[in-house]
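Trainee: Data: data11.txt, compact mmCIF, C-alpha atoms and all ligand atoms.
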# COMPACT_ATOMS: atom_id res chain seq x y z
CA MET A 10 -5.60 24.92 -11.68
CA ALA A 11 -9.28 24.48 -12.49
CA LYS A 12 -11.03 21.18 -11.90
CA LEU A 13 -8.88 18.33 -10.61
CA VAL A 14 -9.63 15.38 -12.88
CA CYS A 15 -6.74 12.97 -12.32
CA VAL A 16 -4.32 11.99 -9.57
CA ALA A 17 -1.51 14.05 -11.18
CA HIS A 18 -3.64 17.18 -10.66
CA TYR A 19 -3.98 16.31 -6.96
CA GLU A 20 -0.23 15.86 -6.66
CA GLU A 21 0.40 19.23 -8.30
CA LYS A 22 -2.15 20.96 -6.09
CA CYS A 23 -0.85 19.24 -2.96
CA LYS A 24 2.61 20.71 -3.55
CA GLY A 25 1.24 24.17 -2.79
CA ILE A 26 -0.58 23.06 0.34
CA ILE A 27 1.42 20.74 2.58
CA SER A 28 4.76 21.62 4.18
CA LYS A 29 8.00 21.03 2.28
CA PRO A 30 9.32 18.43 4.75
CA ALA A 31 6.05 16.48 4.46
CA LEU A 32 6.06 16.74 0.69
CA ASP A 33 9.69 15.61 0.46
CA TYR A 34 9.06 12.68 2.77
CA TYR A 35 5.95 11.54 0.89
CA ARG A 36 7.43 11.94 -2.60
CA VAL A 37 10.96 10.62 -2.11
CA GLY A 38 12.36 7.35 -3.46
CA SER A 39 15.62 5.72 -2.44
CA GLY A 40 19.01 6.36 -4.03
CA GLU A 41 18.93 7.65 -7.60
CA GLU A 42 15.17 7.01 -7.64
CA GLU A 43 15.53 4.61 -10.58
CA THR A 44 13.03 2.16 -9.13
CA LEU A 45 10.65 4.97 -8.25
CA LYS A 46 10.67 6.08 -11.91
CA ARG A 47 10.54 2.49 -13.18
CA ASN A 48 7.31 1.85 -11.32
CA LYS A 49 5.52 4.33 -13.59
CA GLU A 50 7.49 3.64 -16.76
CA ALA A 51 6.85 -0.10 -16.62
CA PHE A 52 3.09 0.47 -16.63
CA LYS A 53 3.47 2.66 -19.72
CA LYS A 54 5.27 -0.17 -21.52
CA LEU A 55 2.23 -2.42 -21.20
CA ARG A 56 -0.39 -2.32 -23.95
CA ILE A 57 -3.99 -3.41 -23.77
CA ARG A 58 -5.58 -5.75 -26.32
CA PRO A 59 -9.23 -4.74 -26.02
CA ARG A 60 -12.12 -7.00 -27.01
CA VAL A 61 -15.32 -5.56 -28.47
CA LEU A 62 -19.02 -6.46 -28.67
CA ARG A 63 -19.24 -7.97 -25.21
CA ASN A 64 -22.18 -6.15 -23.57
CA VAL A 65 -20.52 -3.86 -21.09
CA GLU A 66 -23.59 -1.87 -20.12
CA ASN A 67 -23.28 -2.93 -16.45
CA ILE A 68 -19.83 -3.06 -14.95
CA ASP A 69 -19.56 -5.11 -11.74
CA MET A 70 -16.22 -4.51 -10.01
CA SER A 71 -17.01 -6.36 -6.79
CA VAL A 72 -14.58 -8.87 -5.33
CA ASN A 73 -14.50 -11.18 -2.36
CA ILE A 74 -11.47 -10.90 -0.07
CA PHE A 75 -11.20 -13.40 2.80
CA GLY A 76 -15.00 -13.78 2.71
CA HIS A 77 -15.67 -10.03 2.70
CA LYS A 78 -17.35 -8.42 -0.31
CA LEU A 79 -15.74 -5.20 -1.50
CA GLU A 80 -17.32 -2.96 -4.13
CA TRP A 81 -14.09 -2.86 -6.12
CA PRO A 82 -10.56 -4.25 -5.91
CA VAL A 83 -8.56 -1.09 -5.17
CA GLY A 84 -7.60 -0.20 -1.58
CA ILE A 85 -5.21 1.96 0.41
CA SER A 86 -1.65 0.84 1.26
CA PRO A 87 -0.20 1.53 4.70
CA SER A 88 1.44 4.95 4.71
CA ALA A 89 3.00 6.37 7.83
CA MET A 90 2.26 9.71 9.46
CA GLN A 91 -0.77 10.94 7.54
CA LYS A 92 -1.50 13.87 9.87
CA MET A 93 1.37 15.68 8.16
CA ALA A 94 -0.91 15.86 5.13
CA HIS A 95 -4.09 16.82 6.97
CA PRO A 96 -5.13 17.21 10.63
CA GLU A 97 -7.62 14.34 10.31
CA GLY A 98 -4.90 12.07 8.90
CA GLU A 99 -5.57 8.35 9.00
CA VAL A 100 -9.19 8.74 10.15
CA ALA A 101 -9.98 10.75 7.01
CA SER A 102 -8.37 8.13 4.74
CA ALA A 103 -10.04 5.22 6.53
CA ARG A 104 -13.47 6.84 6.32
CA ALA A 105 -12.98 7.63 2.64
CA ALA A 106 -12.06 4.00 1.96
CA GLY A 107 -15.17 2.82 3.78
CA LYS A 108 -17.41 5.21 1.88
CA ALA A 109 -15.92 3.93 -1.37
CA GLY A 110 -16.59 0.27 -0.43
CA SER A 111 -12.87 -0.34 -0.33
CA LEU A 112 -10.14 -1.59 2.02
CA PHE A 113 -7.88 0.49 4.27
CA ILE A 114 -4.54 -0.67 5.66
CA LEU A 115 -3.42 1.30 8.71
CA SER A 116 0.33 1.76 9.13
CA SER A 117 1.61 1.00 12.62
CA ALA A 118 3.69 4.17 12.17
CA SER A 119 0.49 6.22 12.10
CA THR A 120 -0.17 9.54 13.75
CA THR A 121 -3.54 8.25 14.98
CA SER A 122 -3.83 5.23 17.23
CA LEU A 123 -5.24 2.02 15.81
CA GLU A 124 -8.07 2.19 18.38
CA GLU A 125 -9.08 5.70 17.35
CA VAL A 126 -9.15 4.74 13.66
CA ALA A 127 -11.27 1.68 14.49
CA GLU A 128 -13.66 3.76 16.56
CA LYS A 129 -14.01 6.59 14.06
CA ALA A 130 -14.16 4.47 10.90
CA PRO A 131 -16.13 1.49 12.24
CA ASP A 132 -17.73 0.55 8.93
CA THR A 133 -14.51 0.37 6.93
CA TYR A 134 -12.98 -3.02 6.18
CA LYS A 135 -9.53 -2.59 7.75
CA TRP A 136 -6.23 -4.45 7.93
CA PHE A 137 -3.38 -3.51 10.27
CA HIS A 138 0.25 -3.26 9.21
CA LEU A 139 3.28 -3.75 11.43
CA TYR A 140 6.87 -4.83 11.68
CA ILE A 141 8.56 -7.42 13.85
CA PHE A 142 10.33 -5.40 16.50
CA LYS A 143 13.51 -6.43 18.31
CA ASP A 144 11.42 -6.52 21.44
CA ARG A 145 8.79 -9.16 20.64
CA ASN A 146 6.55 -7.82 23.43
CA ILE A 147 5.97 -4.71 21.36
CA THR A 148 4.90 -6.79 18.36
CA GLU A 149 2.69 -9.04 20.49
CA ASN A 150 1.04 -6.07 22.15
CA LEU A 151 0.25 -4.44 18.79
CA VAL A 152 -1.18 -7.68 17.41
CA ARG A 153 -3.51 -8.17 20.38
CA ARG A 154 -4.65 -4.55 20.20
CA ALA A 155 -5.36 -4.85 16.46
CA GLU A 156 -7.29 -8.10 16.97
CA LYS A 157 -9.34 -6.53 19.75
CA ALA A 158 -10.08 -3.41 17.70
CA GLY A 159 -11.52 -5.50 14.85
CA TYR A 160 -8.84 -5.37 12.15
CA LYS A 161 -9.36 -8.31 9.79
CA ALA A 162 -5.81 -9.17 8.72
CA LEU A 163 -2.22 -8.37 9.62
CA VAL A 164 0.18 -7.00 7.03
CA LEU A 165 3.78 -7.64 7.96
CA THR A 166 6.28 -5.53 6.05
CA VAL A 167 9.41 -7.53 5.23
CA ASP A 168 11.32 -5.26 2.85
CA GLN A 169 12.54 -2.92 5.57
CA PRO A 170 15.15 -4.68 7.74
CA VAL A 171 16.94 -1.35 7.49
CA PHE A 172 15.64 1.99 6.28
CA GLY A 173 16.19 2.72 2.55
CA LEU A 174 18.73 5.40 1.62
CA ARG A 175 16.69 8.47 0.85
CA ARG A 176 18.31 11.73 -0.10
CA ILE A 177 16.26 14.20 1.87
CA GLU A 178 17.03 16.61 4.66
CA THR A 179 16.78 15.08 8.10
CA PHE A 180 13.13 14.43 8.67
CA GLU A 181 11.27 15.32 11.84
CA LEU A 182 7.63 14.98 12.71
CA PRO A 183 6.15 18.33 13.76
CA ALA A 184 6.19 18.65 17.56
CA HIS A 185 2.40 18.28 17.96
CA LEU A 186 2.42 14.84 16.24
CA ASN A 187 3.76 11.48 17.34
CA LEU A 188 3.65 7.76 16.52
CA ALA A 189 0.32 7.37 18.25
CA ASN A 190 0.37 3.58 18.56
CA PHE A 191 3.39 3.88 20.81
CA ALA A 192 2.18 6.70 23.04
CA ASN A 193 3.06 5.97 26.67
CA ILE A 194 5.25 3.01 25.70
CA THR A 195 8.86 3.27 26.72
CA LYS A 196 11.86 1.03 26.25
CA ASP A 197 15.12 1.53 28.11
CA GLY A 198 13.79 4.92 29.14
CA LYS A 199 13.11 5.93 25.52
CA ASP A 200 9.65 7.16 24.44
CA LEU A 201 8.75 4.94 21.44
CA SER A 202 6.32 7.47 19.98
CA ASP A 203 9.21 9.92 19.52
CA THR A 204 10.97 9.87 16.12
CA SER A 205 13.28 12.79 16.75
CA SER A 206 16.35 10.55 16.36
CA GLY A 207 15.37 10.32 12.64
CA LEU A 208 13.56 7.49 10.86
CA ALA A 209 16.69 5.58 9.86
CA GLN A 210 17.95 5.61 13.45
CA TYR A 211 14.49 4.76 14.81
CA THR A 212 14.36 1.76 12.44
CA ALA A 213 17.86 0.66 13.44
CA ASP A 214 16.96 0.88 17.12
CA MET A 215 13.56 -0.81 16.90
CA PHE A 216 13.20 -3.11 13.88
CA ASP A 217 14.64 -6.60 14.02
CA ALA A 218 17.15 -6.96 11.20
CA THR A 219 17.91 -10.56 12.28
CA MET A 220 14.46 -11.69 11.16
CA THR A 221 14.23 -14.89 9.11
CA TRP A 222 11.47 -17.22 7.90
CA LYS A 223 11.46 -18.85 11.35
CA ASP A 224 10.06 -15.58 12.75
CA ILE A 225 7.32 -15.60 10.12
CA GLU A 226 6.32 -19.08 11.26
CA TRP A 227 6.22 -17.82 14.86
CA PHE A 228 4.15 -14.83 13.81
CA THR A 229 1.56 -16.77 11.78
CA LYS A 230 1.04 -19.16 14.69
CA PHE A 231 0.77 -16.34 17.16
CA THR A 232 -2.43 -14.87 15.65
CA LYS A 233 -5.65 -16.25 14.20
CA LEU A 234 -5.83 -13.38 11.73
CA PRO A 235 -4.62 -13.99 8.18
CA VAL A 236 -1.02 -12.83 7.74
CA ILE A 237 0.00 -11.03 4.57
CA LEU A 238 3.65 -10.33 3.78
CA LYS A 239 4.29 -6.97 2.15
CA GLY A 240 7.37 -6.41 0.03
CA ILE A 241 7.69 -9.66 -1.93
CA LEU A 242 9.45 -9.36 -5.30
CA THR A 243 10.42 -12.92 -6.25
CA LYS A 244 8.57 -16.17 -6.83
CA GLU A 245 11.02 -17.91 -4.48
CA ASP A 246 9.99 -15.71 -1.56
CA ALA A 247 6.32 -15.97 -2.52
CA ILE A 248 6.59 -19.76 -2.26
CA LEU A 249 8.36 -19.46 1.10
CA ALA A 250 5.58 -17.16 2.34
CA LEU A 251 3.03 -19.76 1.36
CA ASN A 252 5.00 -22.55 3.00
CA HIS A 253 5.35 -20.58 6.23
CA GLY A 254 1.64 -20.13 6.78
CA CYS A 255 0.95 -16.75 5.17
CA LYS A 256 -2.44 -16.31 3.54
CA GLY A 257 -1.40 -13.56 1.18
CA ILE A 258 1.32 -11.27 -0.09
CA ILE A 259 1.60 -7.74 -1.39
CA VAL A 260 3.90 -7.69 -4.39
CA SER A 261 5.54 -4.35 -3.68
CA ASN A 262 8.82 -2.47 -3.86
CA HIS A 263 7.57 -0.01 -1.24
CA GLY A 264 6.90 2.64 -3.87
CA GLY A 265 10.61 2.72 -4.77
CA ARG A 266 11.47 3.91 -1.24
CA GLN A 267 13.55 0.97 -0.05
CA PHE A 268 15.99 -0.66 -2.51
CA ASP A 269 16.86 1.39 -5.56
CA GLY A 270 17.69 -1.02 -8.38
CA VAL A 271 14.97 -3.59 -7.86
CA PRO A 272 12.43 -4.10 -10.66
CA SER A 273 9.10 -2.38 -10.79
CA SER A 274 6.43 -4.37 -8.99
CA ILE A 275 4.43 -4.85 -12.20
CA GLU A 276 7.42 -6.53 -13.93
CA VAL A 277 7.61 -9.25 -11.29
CA LEU A 278 3.89 -9.78 -10.78
CA PRO A 279 3.33 -12.44 -13.52
CA GLU A 280 6.02 -14.86 -12.27
CA ILE A 281 4.70 -14.57 -8.72
CA VAL A 282 1.10 -15.14 -9.77
CA ASP A 283 2.20 -18.19 -11.78
CA ALA A 284 4.00 -19.58 -8.73
CA VAL A 285 1.42 -19.05 -5.96
CA GLY A 286 -1.65 -17.30 -7.37
CA LYS A 287 -3.89 -20.32 -6.99
CA GLU A 288 -2.89 -21.00 -3.38
CA MET A 289 -2.82 -17.58 -1.76
CA LEU A 290 -4.09 -14.02 -2.13
CA VAL A 291 -1.67 -12.15 -4.37
CA THR A 292 -2.12 -8.39 -4.15
CA PHE A 293 -0.13 -5.51 -5.58
CA ASP A 294 1.16 -1.98 -5.03
CA SER A 295 3.76 0.53 -6.29
CA GLY A 296 3.24 2.89 -9.19
CA VAL A 297 -0.55 2.85 -9.43
CA TYR A 298 -1.81 6.36 -10.21
CA LEU A 299 -4.43 5.60 -12.88
CA GLY A 300 -7.39 3.26 -13.17
CA VAL A 301 -5.75 1.75 -16.24
CA ASP A 302 -2.68 0.86 -14.10
CA ALA A 303 -5.02 -1.04 -11.78
CA PHE A 304 -6.58 -2.73 -14.82
CA LYS A 305 -3.14 -3.92 -15.97
CA ALA A 306 -2.23 -5.28 -12.52
CA LEU A 307 -5.58 -7.10 -12.29
CA ALA A 308 -5.06 -8.56 -15.76
CA LEU A 309 -1.65 -9.84 -14.71
CA GLY A 310 -3.24 -11.66 -11.80
CA ALA A 311 -3.43 -9.35 -8.77
CA LYS A 312 -6.61 -9.83 -6.74
CA MET A 313 -6.35 -6.42 -5.03
CA VAL A 314 -4.41 -3.32 -5.98
CA PHE A 315 -3.32 -0.72 -3.44
CA LEU A 316 -2.65 3.01 -3.71
CA GLY A 317 0.14 4.70 -1.75
CA ARG A 318 1.03 8.30 -2.61
CA ALA A 319 -2.09 8.84 -4.75
CA VAL A 320 -4.14 8.82 -1.55
CA LEU A 321 -1.71 11.11 0.28
CA TRP A 322 -2.08 13.71 -2.49
CA GLY A 323 -5.87 13.60 -2.10
CA LEU A 324 -5.57 13.80 1.68
CA GLY A 325 -3.26 16.80 1.48
CA VAL A 326 -5.57 18.67 -0.89
CA ASP A 327 -8.86 18.22 0.94
CA GLY A 328 -8.78 15.69 3.78
CA GLN A 329 -11.43 12.96 3.61
CA LYS A 330 -13.15 14.63 0.65
CA GLY A 331 -9.84 14.71 -1.25
CA VAL A 332 -9.28 10.98 -0.66
CA GLU A 333 -12.87 10.25 -1.68
CA ASP A 334 -12.30 12.22 -4.88
CA VAL A 335 -9.05 10.41 -5.71
CA LEU A 336 -10.71 7.03 -5.12
CA SER A 337 -13.69 8.06 -7.22
CA ILE A 338 -11.43 9.16 -10.10
CA ILE A 339 -9.52 5.87 -10.08
CA ARG A 340 -12.72 3.89 -9.77
CA ASN A 341 -14.24 5.64 -12.76
CA GLU A 342 -11.03 5.19 -14.77
CA LEU A 343 -11.01 1.48 -13.94
CA SER A 344 -14.69 1.12 -14.83
CA VAL A 345 -14.18 2.83 -18.20
CA SER A 346 -11.06 0.74 -18.86
CA MET A 347 -13.04 -2.42 -18.19
CA ALA A 348 -15.85 -1.35 -20.52
CA LEU A 349 -13.46 -0.39 -23.31
CA ALA A 350 -11.54 -3.66 -22.93
CA GLY A 351 -14.75 -5.70 -23.03
CA SER A 352 -14.84 -6.96 -19.45
CA SER A 353 -17.97 -6.40 -17.39
CA LYS A 354 -16.71 -8.32 -14.34
CA ILE A 355 -13.34 -8.48 -12.63
CA ASP A 356 -12.77 -12.10 -13.60
CA GLU A 357 -13.34 -11.14 -17.23
CA ILE A 358 -10.15 -9.04 -17.12
CA ARG A 359 -7.92 -11.65 -18.71
CA LYS A 360 -4.19 -12.03 -18.85
CA ASP A 361 -4.12 -11.97 -22.67
CA MET A 362 -5.62 -8.46 -22.61
CA VAL A 363 -2.26 -7.03 -21.53
CA VAL A 364 1.02 -7.43 -23.40
CA HIS A 365 4.45 -5.83 -23.23
CA GLU A 366 5.16 -3.25 -25.97
CA ASN A 367 7.73 -5.68 -27.48
CA TYR A 368 4.81 -7.92 -28.45
CA PHE A 369 4.26 -5.58 -31.39
CA SER A 370 7.93 -5.18 -32.36
CA LYS A 371 7.64 -7.64 -35.29
CA LEU A 372 5.82 -4.90 -37.22
C1 LIG A 401 4.82 8.57 2.91
C2 LIG A 401 4.82 7.07 2.82
C3 LIG A 401 4.84 6.33 3.98
C4 LIG A 401 4.85 4.94 3.91
N1 LIG A 401 4.80 4.22 5.06
C5 LIG A 401 4.80 2.89 4.99
C6 LIG A 401 4.71 2.11 6.17
O1 LIG A 401 4.58 2.62 7.27
N2 LIG A 401 4.78 0.76 6.04
C7 LIG A 401 4.89 0.15 4.83
O2 LIG A 401 4.95 -1.06 4.75
N3 LIG A 401 4.93 0.88 3.68
C8 LIG A 401 4.87 2.21 3.75
N4 LIG A 401 4.90 2.93 2.60
C9 LIG A 401 4.87 2.25 1.30
C10 LIG A 401 3.41 2.07 0.83
O3 LIG A 401 2.72 1.17 1.66
C11 LIG A 401 3.35 1.53 -0.58
O4 LIG A 401 4.05 0.33 -0.66
C12 LIG A 401 3.88 2.49 -1.64
O5 LIG A 401 3.57 3.82 -1.33
C13 LIG A 401 3.28 2.13 -2.99
O6 LIG A 401 3.81 2.91 -4.00
P1 LIG A 401 3.06 4.20 -4.60
O7 LIG A 401 3.24 5.29 -3.62
O8 LIG A 401 3.76 4.45 -5.90
O9 LIG A 401 1.61 3.83 -4.80
C14 LIG A 401 4.86 4.31 2.65
C15 LIG A 401 4.84 5.07 1.49
C16 LIG A 401 4.80 6.44 1.56
C17 LIG A 401 4.76 7.23 0.28
C1 LIG A 402 8.99 5.44 12.21
C2 LIG A 402 9.19 4.10 11.69
C3 LIG A 402 9.47 4.01 10.26
C4 LIG A 402 8.31 4.38 9.40
C5 LIG A 402 8.54 3.87 8.03
C6 LIG A 402 7.59 4.38 7.07
C7 LIG A 402 7.89 3.85 5.71
O1 LIG A 402 7.78 2.68 5.47
C8 LIG A 402 8.34 4.75 4.66
O2 LIG A 402 8.47 4.30 3.52
O3 LIG A 402 8.63 5.93 4.93
Write out the structure in this file as structure tokens.
Ligand SMILES: Cc1cc2nc3c(=O)[nH]c(=O)nc-3n(C[C@H](O)[C@H](O)[C@H](O)COP(=O)(O)O)c2cc1C
Ligand SMILES: CCCCCCC(=O)C(=O)O

Mentor:
Amino acid sequence: MAKLVCVAHYEEKCKGIISKPALDYYRVGSGEEETLKRNKEAFKKLRIRPRVLRNVENIDMSVNIFGHKLEWPVGISPSAMQKMAHPEGEVASARAAGKAGSLFILSSASTTSLEEVAEKAPDTYKWFHLYIFKDRNITENLVRRAEKAGYKALVLTVDQPVFGLRRIETFELPAHLNLANFANITKDGKDLSDTSSGLAQYTADMFDATMTWKDIEWFTKFTKLPVILKGILTKEDAILALNHGCKGIIVSNHGGRQFDGVPSSIEVLPEIVDAVGKEMLVTFDSGVYLGVDAFKALALGAKMVFLGRAVLWGLGVDGQKGVEDVLSIIRNELSVSMALAGSSKIDEIRKDMVVHENYFSKL
């Protein structure tokens, strides 16, 4: 393949570079992968109604998130175990996000510790993601470490009380890698950085499937950092998140990796924005592989849009440089989309610029 000019080219190239187990783990969706496919298809069903003659010579994509100015509203979702894609793993992705004036969310299931990422990517605006573990001491310890290391918000994933059913061979991290945030932490004699029991078993052993909204209340009171719930797909739960002290949500179906059969994230975004968009930060992920996808999500009310696999493909192809390239491609695509739609600022991307294909079915 000659020049790589879109995320799909990075995915294709990545297939020949990273190991098959890593590729399978990164790519897979749950079950029949209907939701995984739907995430992309639903974007294709949306049409843009562009406006012309609006002076789009200078495109300003900057946004303000919790008082922090970002150059543009596209960031990186938490993805586990990035050293399987490249030896520099999460540090490479975090540095690339910083260089691009963007936001990086570190997965607690990372192959680099949260302290090392903070130290090696000090200028990047970073949030930390985690789960509520059965043993609350583990959660509390991670929160305090993230606060101390300078992460600016906590992303609590709530769509994974159990691990989604994914049809891949048993997955194992290569022997030289581990879940670095849990190095030297043991529970009942078990090394928590060791995933050799398999991810589904690890989740069953560690994650608290009894969690309810009461635990969210506990969690939001336990930290001064803003809490963002990741994995919200209904307006009812968005309202509950707001009423339980959360400052934001990520409308997400986990990239189709958890519950096959749920809608695409973009289908549910409008009802959620209508319900809580004025009161809390509504952000979005799942299925974003093009700048025009980000444009559509912004038009439908998301304040930030996050990339999952797109970044992993860039990381696998060329480490930090590969992630920088992927971000730069999406940024350029978003900028051109804005110009062609007649919006020179983010708040000029309006809801009536995006309609479902059925809008035109009267023809
Ligand atoms: C390899 C991989 C690992 C992931 N690890 C996590 C994780 O640790 N925590 C989490 O909340 N979501 C995780 N996700 C989900 C992403 O944060 C994100 O929701 C999803 O990838 C978005 O969909 P997309 O890949 O189509 O952009 C992971 C996704 C992938 C592909
Ligand atoms: C080792 C703990 C589980 C990591 C889960 C990562 C994830 O969310 C995924 O989709 O895979």

Trainee: CA of Met220 (chain A) and CA of Ile114 (chain A), how far apart in Å?

Mentor: 22.6 Å

Trainee: Would you mind telling me which residue in A:Thr120, A:Thr44, A:Thr166, A:Thr212 lies nearest to ligand LIG 401 (chain A) when using only C-alpha atoms and all ligand atoms?

Mentor: A:Thr166

Trainee: Box for region 278-289 of chain A: with edges along x, y and z, all listed atoms inside and 3 Å added on each side, what are the centre and edge lengths in Å to one decimal, as JSON?

Mentor:
{"center_x": 1.1, "center_y": -15.4, "center_z": -7.6, "size_x": 15.9, "size_y": 17.2, "size_z": 17.8}

Trainee: Give me, as a list in words, all polymer residues having an atom no more than 9 Å from Trp222 (chain A), counting all atoms listed in the file and skipping those fewer than 3 positions away in the same chain.

Mentor: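 The contact residues come out as Ile225, Glu226, Trp227, Leu249, Ala250 and His253 of chain A.
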
Trainee: Skip Asn150 (chain A) itself and residues of its chain fewer than 3 positions away, then list as a list in words all residues within 12 Å of it, counting only C-alpha atoms.

Mentor: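 The contact residues come out as Ser117, Leu139, Ile141, Phe142, Asp144, Arg145, Asn146, Ile147, Arg153, Arg154, Ala155, Glu156, Lys157, Asn190, Phe191, Ile194, Phe231 and Thr232 of chain A.
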
Trainee: What residues of the protein or nucleic acid chains come within 6 Å of ligand LIG 401 (chain A) when you use only C-alpha atoms and all ligand atoms? Reply as JSON, numbers by chain.

Mentor: {"A": [34, 35, 86, 87, 88, 89, 116, 118, 166, 261, 263, 264, 294, 295, 296, 297, 316, 317, 318]}

Trainee: Once you have the residues from the selection above, write them out as a short mmCIF file (atom, residue, chain, number, x, y, z; two decimals), keeping the file's coordinate frame, restricted to C-alpha atoms.

Mentor:
data_model
loop_
_atom_site.label_atom_id
_atom_site.label_comp_id
_atom_site.auth_asym_id
_atom_site.auth_seq_id
_atom_site.Cartn_x
_atom_site.Cartn_y
_atom_site.Cartn_z
CA TYR A 34 9.06 12.68 2.77
CA TYR A 35 5.95 11.54 0.89
CA SER A 86 -1.65 0.84 1.26
CA PRO A 87 -0.20 1.53 4.70
CA SER A 88 1.44 4.95 4.71
CA ALA A 89 3.00 6.37 7.83
CA SER A 116 0.33 1.76 9.13
CA ALA A 118 3.69 4.17 12.17
CA THR A 166 6.28 -5.53 6.05
CA SER A 261 5.54 -4.35 -3.68
CA HIS A 263 7.57 -0.01 -1.24
CA GLY A 264 6.90 2.64 -3.87
CA ASP A 294 1.16 -1.98 -5.03
CA SER A 295 3.76 0.53 -6.29
CA GLY A 296 3.24 2.89 -9.19
CA VAL A 297 -0.55 2.85 -9.43
CA LEU A 316 -2.65 3.01 -3.71
CA GLY A 317 0.14 4.70 -1.75
CA ARG A 318 1.03 8.30 -2.61
#

Trainee: Got a sec: who's within 6 Å of region 233-240 of chain A, counting only C-alpha atoms, leaving out chain neighbours fewer than 2 positions off, as a list in words?

Mentor: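 The residues that qualify are Ala162, Leu163, Val164, Leu165, Thr166, Val167, Asp168, Cys255, Lys256, Gly257, Ile258, Ile259, Val260, Ser261 and Asn262 of chain A.
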
Trainee: So which residues are close to (-18.9, -10.4, -17.3), meaning at most 12 Å away in the file's coordinates with only C-alpha atoms counted, and can you show them as a PDB file with C-alpha atoms, keeping the file's coordinate frame?

Mentor:
ATOM      1  CA  ARG A  63     -19.240  -7.970 -25.210  1.00  0.00           C
ATOM      2  CA  ASN A  64     -22.180  -6.150 -23.570  1.00  0.00           C
ATOM      3  CA  VAL A  65     -20.520  -3.860 -21.090  1.00  0.00           C
ATOM      4  CA  GLU A  66     -23.590  -1.870 -20.120  1.00  0.00           C
ATOM      5  CA  ASN A  67     -23.280  -2.930 -16.450  1.00  0.00           C
ATOM      6  CA  ILE A  68     -19.830  -3.060 -14.950  1.00  0.00           C
ATOM      7  CA  ASP A  69     -19.560  -5.110 -11.740  1.00  0.00           C
ATOM      8  CA  MET A  70     -16.220  -4.510 -10.010  1.00  0.00           C
ATOM      9  CA  SER A  71     -17.010  -6.360  -6.790  1.00  0.00           C
ATOM     10  CA  MET A 347     -13.040  -2.420 -18.190  1.00  0.00           C
ATOM     11  CA  ALA A 348     -15.850  -1.350 -20.520  1.00  0.00           C
ATOM     12  CA  ALA A 350     -11.540  -3.660 -22.930  1.00  0.00           C
ATOM     13  CA  GLY A 351     -14.750  -5.700 -23.030  1.00  0.00           C
ATOM     14  CA  SER A 352     -14.840  -6.960 -19.450  1.00  0.00           C
ATOM     15  CA  SER A 353     -17.970  -6.400 -17.390  1.00  0.00           C
ATOM     16  CA  LYS A 354     -16.710  -8.320 -14.340  1.00  0.00           C
ATOM     17  CA  ILE A 355     -13.340  -8.480 -12.630  1.00  0.00           C
ATOM     18  CA  ASP A 356     -12.770 -12.100 -13.600  1.00  0.00           C
ATOM     19  CA  GLU A 357     -13.340 -11.140 -17.230  1.00  0.00           C
ATOM     20  CA  ILE A 358     -10.150  -9.040 -17.120  1.00  0.00           C
ATOM     21  CA  ARG A 359      -7.920 -11.650 -18.710  1.00  0.00           C
TER      22      ARG A 359
END

Trainee: Between CA of Val301 (chain A) and CA of Leu343 (chain A), what is the spacing in Å?

Mentor: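 So the two atoms, CA of Leu343 (chain A) and CA of Val301 (chain A), lie 5.7 Å apart.
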
Trainee: Between A:Ala209, A:Ala109, A:Met93, A:Ala101, which residue has the minimum interatomic distance to ligand LIG 402 (chain A), considering all atoms listed in the file?

Mentor: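 Selected residue with least distance to ligand LIG 402 (chain A): A:Ala209.
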
Trainee: Looking at only C-alpha atoms, which of A:Glu181, A:Glu333, A:Glu80, A:Glu280 is the one that sits closest to Met313 (chain A)?

Mentor: A:Glu80

Trainee: Tell me, as a PDB file with C-alpha atoms, keeping the file's coordinate frame, which residues lie within 10 Å of Ser337 (chain A), counting all atoms listed in the file; anything in the same chain fewer than 4 positions away does not count.

Mentor:
ATOM      1  CA  CYS A  15      -6.740  12.970 -12.320  1.00  0.00           C
ATOM      2  CA  ALA A 105     -12.980   7.630   2.640  1.00  0.00           C
ATOM      3  CA  ALA A 109     -15.920   3.930  -1.370  1.00  0.00           C
ATOM      4  CA  GLY A 300      -7.390   3.260 -13.170  1.00  0.00           C
ATOM      5  CA  GLY A 331      -9.840  14.710  -1.250  1.00  0.00           C
ATOM      6  CA  VAL A 332      -9.280  10.980  -0.660  1.00  0.00           C
ATOM      7  CA  GLU A 333     -12.870  10.250  -1.680  1.00  0.00           C
ATOM      8  CA  ASN A 341     -14.240   5.640 -12.760  1.00  0.00           C
ATOM      9  CA  GLU A 342     -11.030   5.190 -14.770  1.00  0.00           C
ATOM     10  CA  LEU A 343     -11.010   1.480 -13.940  1.00  0.00           C
TER      11      LEU A 343
END

Trainee: Within 6 Å of (-6.3, -6.7, -12.2), only C-alpha atoms: residues as a list in words?

Mentor: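 Counting only C-alpha atoms, I find these residues within 6 Å of (-6.3, -6.7, -12.2): Ala303, Phe304, Lys305, Ala306, Leu307, Ala308, Gly310 and Ala311 of chain A.
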
Trainee: Using CA of Ile281 (chain A) and CA of Leu242 (chain A) as the two end points, give the distance in Å to one decimal.

Mentor: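 Going from CA of Ile281 (chain A) over to CA of Leu242 (chain A), I get 7.8 Å.
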
Trainee: So which one's closest to ligand LIG 402 (chain A), A:Arg36, A:Lys129, A:Arg266, A:Lys287? Using all atoms listed in the file, please.

Mentor: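 Using all atoms listed in the file, the shortest distance to ligand LIG 402 (chain A) belongs to A:Arg266.
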
Trainee: Between A:Thr195, A:Phe172, A:Ile339, A:Gly286, which is the closest to Gly40 (chain A) once you count only C-alpha atoms?

Mentor: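 Looking only at the distances to Gly40 (chain A), the closest residue turns out to be A:Phe172.
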